[in-house]
file upload15.pdb (PDB, C-alpha atoms)
ATOM      1  CA  ILE A   1      37.684 203.832  25.838  1.00  0.00           C
ATOM      2  CA  GLU A   2      36.791 207.207  27.378  1.00  0.00           C
ATOM      3  CA  ALA A   3      38.589 206.279  30.607  1.00  0.00           C
ATOM      4  CA  GLY A   4      41.738 205.588  28.589  1.00  0.00           C
ATOM      5  CA  ARG A   5      41.799 201.967  29.706  1.00  0.00           C
ATOM      6  CA  ARG A   6      41.729 200.465  26.204  1.00  0.00           C
ATOM      7  CA  GLU A   7      45.123 198.937  25.410  1.00  0.00           C
ATOM      8  CA  VAL A   8      46.196 199.233  21.771  1.00  0.00           C
ATOM      9  CA  GLN A   9      47.729 196.002  20.476  1.00  0.00           C
ATOM     10  CA  GLU A  10      49.913 197.154  17.576  1.00  0.00           C
ATOM     11  CA  GLU A  11      50.170 194.889  14.531  1.00  0.00           C
ATOM     12  CA  PRO A  12      50.253 195.325  10.763  1.00  0.00           C
ATOM     13  CA  PHE A  13      46.942 194.721   8.996  1.00  0.00           C
ATOM     14  CA  ASP A  14      45.368 195.006   5.565  1.00  0.00           C
ATOM     15  CA  ILE A  15      42.433 197.458   5.497  1.00  0.00           C
ATOM     16  CA  LEU A  16      40.790 195.643   2.564  1.00  0.00           C
ATOM     17  CA  ALA A  17      40.789 192.354   4.527  1.00  0.00           C
ATOM     18  CA  CYS A  18      39.214 194.156   7.510  1.00  0.00           C
ATOM     19  CA  VAL A  19      36.502 195.670   5.322  1.00  0.00           C
ATOM     20  CA  LYS A  20      35.778 192.301   3.657  1.00  0.00           C
ATOM     21  CA  SER A  21      35.482 190.682   7.096  1.00  0.00           C
ATOM     22  CA  ALA A  22      32.993 193.329   8.309  1.00  0.00           C
ATOM     23  CA  GLN A  23      31.118 193.076   4.994  1.00  0.00           C
ATOM     24  CA  ALA A  24      30.776 189.291   5.387  1.00  0.00           C
ATOM     25  CA  LEU A  25      29.548 189.713   8.965  1.00  0.00           C
ATOM     26  CA  LEU A  26      26.867 192.246   7.964  1.00  0.00           C
ATOM     27  CA  HIS A  27      25.939 190.726   4.599  1.00  0.00           C
ATOM     28  CA  GLY A  28      22.688 189.269   6.001  1.00  0.00           C
ATOM     29  CA  LYS A  29      21.528 192.622   7.419  1.00  0.00           C
ATOM     30  CA  ALA A  30      22.201 194.327   4.077  1.00  0.00           C
ATOM     31  CA  ASN A  31      20.343 191.565   2.199  1.00  0.00           C
ATOM     32  CA  GLU A  32      17.296 191.887   4.473  1.00  0.00           C
ATOM     33  CA  LYS A  33      16.851 195.444   3.151  1.00  0.00           C
ATOM     34  CA  SER A  34      18.139 194.702  -0.395  1.00  0.00           C
ATOM     35  CA  ILE A  35      20.998 197.139   0.207  1.00  0.00           C
ATOM     36  CA  GLN A  36      23.883 197.052  -2.229  1.00  0.00           C
ATOM     37  CA  LEU A  37      27.161 197.006  -0.270  1.00  0.00           C
ATOM     38  CA  ASN A  38      30.025 198.039  -2.568  1.00  0.00           C
ATOM     39  CA  VAL A  39      33.702 197.893  -1.616  1.00  0.00           C
ATOM     40  CA  GLU A  40      35.910 200.132  -3.751  1.00  0.00           C
ATOM     41  CA  ILE A  41      39.371 199.539  -2.300  1.00  0.00           C
ATOM     42  CA  THR A  42      42.410 198.663  -4.351  1.00  0.00           C
ATOM     43  CA  PRO A  43      44.397 195.660  -3.049  1.00  0.00           C
ATOM     44  CA  SER A  44      47.637 197.593  -3.659  1.00  0.00           C
ATOM     45  CA  LEU A  45      47.109 199.928  -0.668  1.00  0.00           C
ATOM     46  CA  PRO A  46      49.878 199.546   1.926  1.00  0.00           C
ATOM     47  CA  LYS A  47      49.173 197.864   5.238  1.00  0.00           C
ATOM     48  CA  LEU A  48      48.431 199.899   8.343  1.00  0.00           C
ATOM     49  CA  MET A  49      49.885 199.557  11.839  1.00  0.00           C
ATOM     50  CA  GLY A  50      47.301 199.563  14.587  1.00  0.00           C
ATOM     51  CA  ASP A  51      44.927 197.616  16.759  1.00  0.00           C
ATOM     52  CA  LEU A  52      43.237 195.052  14.495  1.00  0.00           C
ATOM     53  CA  ARG A  53      40.428 194.345  16.951  1.00  0.00           C
ATOM     54  CA  GLY A  54      39.733 198.053  17.323  1.00  0.00           C
ATOM     55  CA  VAL A  55      39.754 198.673  13.566  1.00  0.00           C
ATOM     56  CA  ASN A  56      37.380 195.736  13.038  1.00  0.00           C
ATOM     57  CA  GLN A  57      35.055 197.311  15.634  1.00  0.00           C
ATOM     58  CA  ILE A  58      35.258 200.665  13.831  1.00  0.00           C
ATOM     59  CA  LEU A  59      34.267 199.059  10.521  1.00  0.00           C
ATOM     60  CA  ILE A  60      31.439 197.016  12.045  1.00  0.00           C
ATOM     61  CA  ASN A  61      30.045 200.145  13.747  1.00  0.00           C
ATOM     62  CA  LEU A  62      30.261 202.288  10.600  1.00  0.00           C
ATOM     63  CA  LEU A  63      28.722 199.640   8.336  1.00  0.00           C
ATOM     64  CA  THR A  64      25.985 198.819  10.867  1.00  0.00           C
ATOM     65  CA  ASN A  65      24.993 202.502  11.020  1.00  0.00           C
ATOM     66  CA  ALA A  66      25.120 202.897   7.235  1.00  0.00           C
ATOM     67  CA  ILE A  67      22.936 199.808   6.696  1.00  0.00           C
ATOM     68  CA  LYS A  68      20.536 200.855   9.458  1.00  0.00           C
ATOM     69  CA  PHE A  69      19.943 204.325   7.996  1.00  0.00           C
ATOM     70  CA  THR A  70      19.956 203.376   4.312  1.00  0.00           C
ATOM     71  CA  PRO A  71      16.461 202.837   2.902  1.00  0.00           C
ATOM     72  CA  ALA A  72      15.496 199.472   1.414  1.00  0.00           C
ATOM     73  CA  GLY A  73      17.017 199.086  -2.034  1.00  0.00           C
ATOM     74  CA  GLY A  74      19.689 201.688  -1.215  1.00  0.00           C
ATOM     75  CA  LYS A  75      23.445 201.613  -1.482  1.00  0.00           C
ATOM     76  CA  VAL A  76      26.438 201.752   0.870  1.00  0.00           C
ATOM     77  CA  VAL A  77      29.914 202.355  -0.560  1.00  0.00           C
ATOM     78  CA  VAL A  78      33.175 201.714   1.305  1.00  0.00           C
ATOM     79  CA  SER A  79      36.372 203.160  -0.157  1.00  0.00           C
ATOM     80  CA  ALA A  80      39.915 203.900   0.972  1.00  0.00           C
ATOM     81  CA  ALA A  81      42.785 205.963  -0.408  1.00  0.00           C
ATOM     82  CA  ARG A  82      45.975 207.696   0.635  1.00  0.00           C
ATOM     83  CA  ASN A  83      45.684 211.405   1.349  1.00  0.00           C
ATOM     84  CA  ALA A  84      48.084 214.246   0.493  1.00  0.00           C
ATOM     85  CA  SER A  85      49.816 214.066   3.900  1.00  0.00           C
ATOM     86  CA  GLY A  86      50.629 210.353   3.501  1.00  0.00           C
ATOM     87  CA  GLY A  87      47.842 209.058   5.743  1.00  0.00           C
ATOM     88  CA  MET A  88      45.001 206.767   4.757  1.00  0.00           C
ATOM     89  CA  VAL A  89      41.350 207.771   4.611  1.00  0.00           C
ATOM     90  CA  LEU A  90      38.547 205.238   4.766  1.00  0.00           C
ATOM     91  CA  SER A  91      35.058 206.331   3.726  1.00  0.00           C
ATOM     92  CA  VAL A  92      31.682 204.723   4.463  1.00  0.00           C
ATOM     93  CA  LYS A  93      28.969 206.471   2.465  1.00  0.00           C
ATOM     94  CA  ASP A  94      25.225 205.796   2.490  1.00  0.00           C
ATOM     95  CA  ASN A  95      22.202 207.292   0.775  1.00  0.00           C
ATOM     96  CA  GLY A  96      20.056 207.471   3.905  1.00  0.00           C
ATOM     97  CA  PRO A  97      18.186 210.474   5.355  1.00  0.00           C
ATOM     98  CA  GLY A  98      21.358 212.375   6.255  1.00  0.00           C
ATOM     99  CA  ILE A  99      22.100 214.408   9.365  1.00  0.00           C
ATOM    100  CA  PRO A 100      21.124 218.081   9.759  1.00  0.00           C
ATOM    101  CA  ALA A 101      24.238 220.303   9.645  1.00  0.00           C
ATOM    102  CA  HIS A 102      23.768 221.566  13.213  1.00  0.00           C
ATOM    103  CA  GLU A 103      23.765 217.960  14.551  1.00  0.00           C
ATOM    104  CA  VAL A 104      26.835 216.593  12.718  1.00  0.00           C
ATOM    105  CA  GLN A 105      29.347 217.216  15.524  1.00  0.00           C
ATOM    106  CA  SER A 106      27.018 216.151  18.343  1.00  0.00           C
ATOM    107  CA  VAL A 107      26.380 212.650  16.908  1.00  0.00           C
ATOM    108  CA  LEU A 108      30.005 211.818  17.761  1.00  0.00           C
ATOM    109  CA  ASN A 109      29.179 212.205  21.482  1.00  0.00           C
ATOM    110  CA  SER A 110      28.108 209.238  23.632  1.00  0.00           C
ATOM    111  CA  PHE A 111      24.359 208.616  23.763  1.00  0.00           C
ATOM    112  CA  SER A 112      23.724 211.279  21.150  1.00  0.00           C
ATOM    113  CA  ARG A 113      21.357 210.521  18.306  1.00  0.00           C
ATOM    114  CA  GLY A 114      20.322 212.712  15.437  1.00  0.00           C
ATOM    115  CA  SER A 115      16.787 214.081  15.330  1.00  0.00           C
ATOM    116  CA  LEU A 116      15.994 212.072  12.180  1.00  0.00           C
ATOM    117  CA  ALA A 117      16.926 208.846  14.004  1.00  0.00           C
ATOM    118  CA  THR A 118      14.757 209.844  16.952  1.00  0.00           C
ATOM    119  CA  LYS A 119      11.779 210.898  14.782  1.00  0.00           C
ATOM    120  CA  GLY A 120      12.116 207.779  12.642  1.00  0.00           C
ATOM    121  CA  ALA A 121      12.089 205.590  15.773  1.00  0.00           C
ATOM    122  CA  VAL A 122      15.388 204.026  14.736  1.00  0.00           C
ATOM    123  CA  ASP A 123      16.670 201.836  17.553  1.00  0.00           C
ATOM    124  CA  GLY A 124      20.059 202.316  19.169  1.00  0.00           C
ATOM    125  CA  ALA A 125      21.724 203.992  22.109  1.00  0.00           C
ATOM    126  CA  GLY A 126      23.808 206.461  20.112  1.00  0.00           C
ATOM    127  CA  LEU A 127      27.143 204.856  21.002  1.00  0.00           C
ATOM    128  CA  ARG A 128      28.509 203.543  17.700  1.00  0.00           C
ATOM    129  CA  LEU A 129      30.006 206.805  16.421  1.00  0.00           C
ATOM    130  CA  SER A 130      31.391 207.778  19.829  1.00  0.00           C
ATOM    131  CA  ILE A 131      33.121 204.373  20.010  1.00  0.00           C
ATOM    132  CA  VAL A 132      34.536 204.958  16.514  1.00  0.00           C
ATOM    133  CA  LYS A 133      35.813 208.369  17.631  1.00  0.00           C
ATOM    134  CA  GLY A 134      37.372 206.919  20.789  1.00  0.00           C
ATOM    135  CA  LEU A 135      39.136 204.145  18.862  1.00  0.00           C
ATOM    136  CA  MET A 136      40.408 206.586  16.232  1.00  0.00           C
ATOM    137  CA  ASP A 137      41.695 208.878  19.009  1.00  0.00           C
ATOM    138  CA  LEU A 138      43.701 205.897  20.324  1.00  0.00           C
ATOM    139  CA  HIS A 139      45.207 205.556  16.822  1.00  0.00           C
ATOM    140  CA  GLY A 140      45.998 209.285  16.617  1.00  0.00           C
ATOM    141  CA  GLY A 141      43.475 209.564  13.803  1.00  0.00           C
ATOM    142  CA  ASP A 142      40.424 211.635  12.977  1.00  0.00           C
ATOM    143  CA  VAL A 143      36.720 211.108  12.304  1.00  0.00           C
ATOM    144  CA  SER A 144      34.742 213.514  10.167  1.00  0.00           C
ATOM    145  CA  ILE A 145      31.199 213.454   8.858  1.00  0.00           C
ATOM    146  CA  VAL A 146      29.900 214.928   5.623  1.00  0.00           C
ATOM    147  CA  SER A 147      26.122 214.844   5.414  1.00  0.00           C
ATOM    148  CA  GLU A 148      23.208 216.468   3.683  1.00  0.00           C
ATOM    149  CA  VAL A 149      19.599 215.944   4.695  1.00  0.00           C
ATOM    150  CA  GLY A 150      17.837 213.795   2.103  1.00  0.00           C
ATOM    151  CA  LYS A 151      21.078 212.831   0.350  1.00  0.00           C
ATOM    152  CA  GLY A 152      22.942 210.623   2.830  1.00  0.00           C
ATOM    153  CA  THR A 153      25.967 210.581   5.083  1.00  0.00           C
ATOM    154  CA  GLU A 154      29.654 209.908   4.574  1.00  0.00           C
ATOM    155  CA  VAL A 155      31.830 209.074   7.586  1.00  0.00           C
ATOM    156  CA  LEU A 156      35.564 209.490   6.981  1.00  0.00           C
ATOM    157  CA  ILE A 157      38.188 208.003   9.265  1.00  0.00           C
ATOM    158  CA  THR A 158      41.781 209.099   8.743  1.00  0.00           C
ATOM    159  CA  PHE A 159      44.814 207.158   9.903  1.00  0.00           C
ATOM    160  CA  PRO A 160      47.920 209.382  10.228  1.00  0.00           C
ATOM    161  CA  ALA A 161      50.938 208.870   7.942  1.00  0.00           C
ATOM    162  CA  HIS A 162      53.013 207.162  10.651  1.00  0.00           C
ATOM    163  CA  ARG A 163      50.456 204.315  10.707  1.00  0.00           C
ATOM    164  CA  VAL A 164      50.811 203.650   6.953  1.00  0.00           C
ATOM    165  CA  LEU A 165      53.497 201.028   6.308  1.00  0.00           C
ATOM    166  CA  THR A 166      55.281 202.238   3.189  1.00  0.00           C
ATOM    167  CA  GLY A 167      58.851 202.120   1.933  1.00  0.00           C
ATOM    168  CA  PRO A 168      61.528 199.644   3.030  1.00  0.00           C
ATOM    169  CA  ARG A 169      60.889 200.105   6.778  1.00  0.00           C
ATOM    170  CA  GLY A 170      57.149 199.544   6.280  1.00  0.00           C
ATOM    171  CA  GLU A 171      57.741 196.454   4.168  1.00  0.00           C
ATOM    172  CA  ILE A 172      59.955 194.926   6.875  1.00  0.00           C
ATOM    173  CA  ILE A 173      57.461 195.719   9.665  1.00  0.00           C
ATOM    174  CA  ALA A 174      54.543 194.370   7.596  1.00  0.00           C
ATOM    175  CA  ALA A 175      56.404 191.206   6.585  1.00  0.00           C
ATOM    176  CA  PRO A 176      54.839 188.005   7.921  1.00  0.00           C
ATOM    177  CA  ASN A 177      58.214 186.803   9.297  1.00  0.00           C
ATOM    178  CA  VAL A 178      58.341 189.657  11.852  1.00  0.00           C
ATOM    179  CA  GLN A 179      56.515 187.817  14.608  1.00  0.00           C
ATOM    180  CA  SER A 180      56.858 189.662  17.859  1.00  0.00           C
ATOM    181  CA  GLU A 181      55.857 193.118  18.982  1.00  0.00           C
ATOM    182  CA  SER A 182      59.386 193.691  20.320  1.00  0.00           C
ATOM    183  CA  GLN A 183      60.867 192.906  16.877  1.00  0.00           C
ATOM    184  CA  ARG A 184      58.493 195.425  15.276  1.00  0.00           C
ATOM    185  CA  LYS A 185      59.355 198.099  17.876  1.00  0.00           C
ATOM    186  CA  LEU A 186      63.082 197.539  17.343  1.00  0.00           C
ATOM    187  CA  ILE A 187      62.674 197.897  13.577  1.00  0.00           C
ATOM    188  CA  ALA A 188      60.524 201.013  14.048  1.00  0.00           C
ATOM    189  CA  ILE A 189      63.125 202.585  16.360  1.00  0.00           C
ATOM    190  CA  THR A 190      66.147 201.758  14.213  1.00  0.00           C
ATOM    191  CA  GLY A 191      64.371 202.513  10.895  1.00  0.00           C
TER     192      GLY A 191
END

call {"tool": "encode", "arguments": {"input": "upload15.pdb", "output": "structure tokens"}}
result
Amino acid sequence: IEAGRREVQEEPFDILACVKSAQALLHGKANEKSIQLNVEITPSLPKLMGDLRGVNQILINLLTNAIKFTPAGGKVVVSAARNASGGMVLSVKDNGPGIPAHEVQSVLNSFSRGSLATKGAVDGAGLRLSIVKGLMDLHGGDVSIVSEVGKGTEVLITFPAHRVLTGPRGEIIAAPNVQSESQRKLIAITG
């Protein structure tokens, strides 16, 4: 990803379906710690255009981190909504130990781990969030972290408005009968 060698395979996808897929994959890990994994996403959200494999990796990484840092019996909430600029924001929020304010930006760097993860002997190489950032950069999106020590962490990923398939052009691109990438590009250009 950092070398810019990751090819983005553009296709329309449903963010709720992606979240449900990641939730099903990590259900066992959440159950082991009796963590409640809530999905608060309305099915009426428009589809997004992007790399489905990459977005699935983003969700798996974010949910894995949230489950890992949430104490037994805790809660992880995944939500998504449109923002004021027409983009879509996905949130993964936990009630774990949180990240000290001075470490929030550094945890997005490769091999960087917060001091609470290090002190708590939490395993991991510190790559998940940097991979999320790299994949969101490829989508022209953003990653931000809101955290408070002792109260948990919320990771927000924002897809820009041009990736949200709304209106007539978006409906045509997202339609199941548009099969090829070249058809989608032609519609996007002429729309």

call {"tool": "resolve_selection", "arguments": {"input": "upload15.pdb", "expression": "the PyMOL selection byres ((chain A and resi 22) around 10)", "output": "NGL selection string"}}
result
:A and (16-21 or 23-27 or 56-64)

call {"tool": "resolve_selection", "arguments": {"input": "upload15.pdb", "expression": "the PyMOL selection byres ((chain A and resi 71) around 9)", "output": "PyMOL selection string"}}
result
chain A and resi 33-35+67-70+72-75+95-97

call {"tool": "residues_around", "arguments": {"input": "upload15.pdb", "residues": "segment 150-155 of chain A", "least_positions_apart": "3", "cutoff": "6 Å", "atoms": "all atoms listed in the file", "output": "MDAnalysis selection string"}}
result
chainID A and resid 91:98 144:147

call {"tool": "axis_aligned_box", "arguments": {"input": "upload15.pdb", "around": "segment 66-80 of chain A", "padding_each_side": "5 Å", "output": "AutoDock Vina command-line options"}}
result
--center_x 27.7 --center_y 201.7 --center_z 3.7 --size_x 34.4 --size_y 15.2 --size_z 21.5

call {"tool": "closest_residue", "arguments": {"input": "upload15.pdb", "among": "A:Val8, A:Val143, A:Leu127, A:Ala101", "to": "Asn65 of chain A", "atoms": "only C-alpha atoms"}}
result
A:Leu127

call {"tool": "resolve_selection", "arguments": {"input": "upload15.pdb", "expression": "the PyMOL selection byres ((chain A and resi 157) around 6)", "output": "NGL selection string"}}
result
:A and (89-90 or 142-143 or 156 or 158)

call {"tool": "atom_distance", "arguments": {"input": "upload15.pdb", "atom1": "atom CA of His102 of chain A", "atom2": "atom CA of Ile131 of chain A"}}
result
20.7 Å

call {"tool": "residues_around", "arguments": {"input": "upload15.pdb", "residues": "segment 40-45 of chain A", "least_positions_apart": "2", "cutoff": "10 Å", "atoms": "all atoms listed in the file", "output": "MDAnalysis selection string"}}
result
chainID A and resid 14:17 19 37:38 47:48 77:82 88 90:91 164:166

call {"tool": "closest_residue", "arguments": {"input": "upload15.pdb", "among": "A:Ala66, A:Leu135, A:Glu32, A:Glu148", "to": "Val104 of chain A", "atoms": "only C-alpha atoms"}}
result
A:Glu148

call {"tool": "atom_distance", "arguments": {"input": "upload15.pdb", "atom1": "atom CA of Ser85 of chain A", "atom2": "atom CA of Arg128 of chain A"}}
result
27.5 Å

call {"tool": "atom_distance", "arguments": {"input": "upload15.pdb", "atom1": "atom CA of Ala30 of chain A", "atom2": "atom CA of Phe159 of chain A"}}
result
26.6 Å
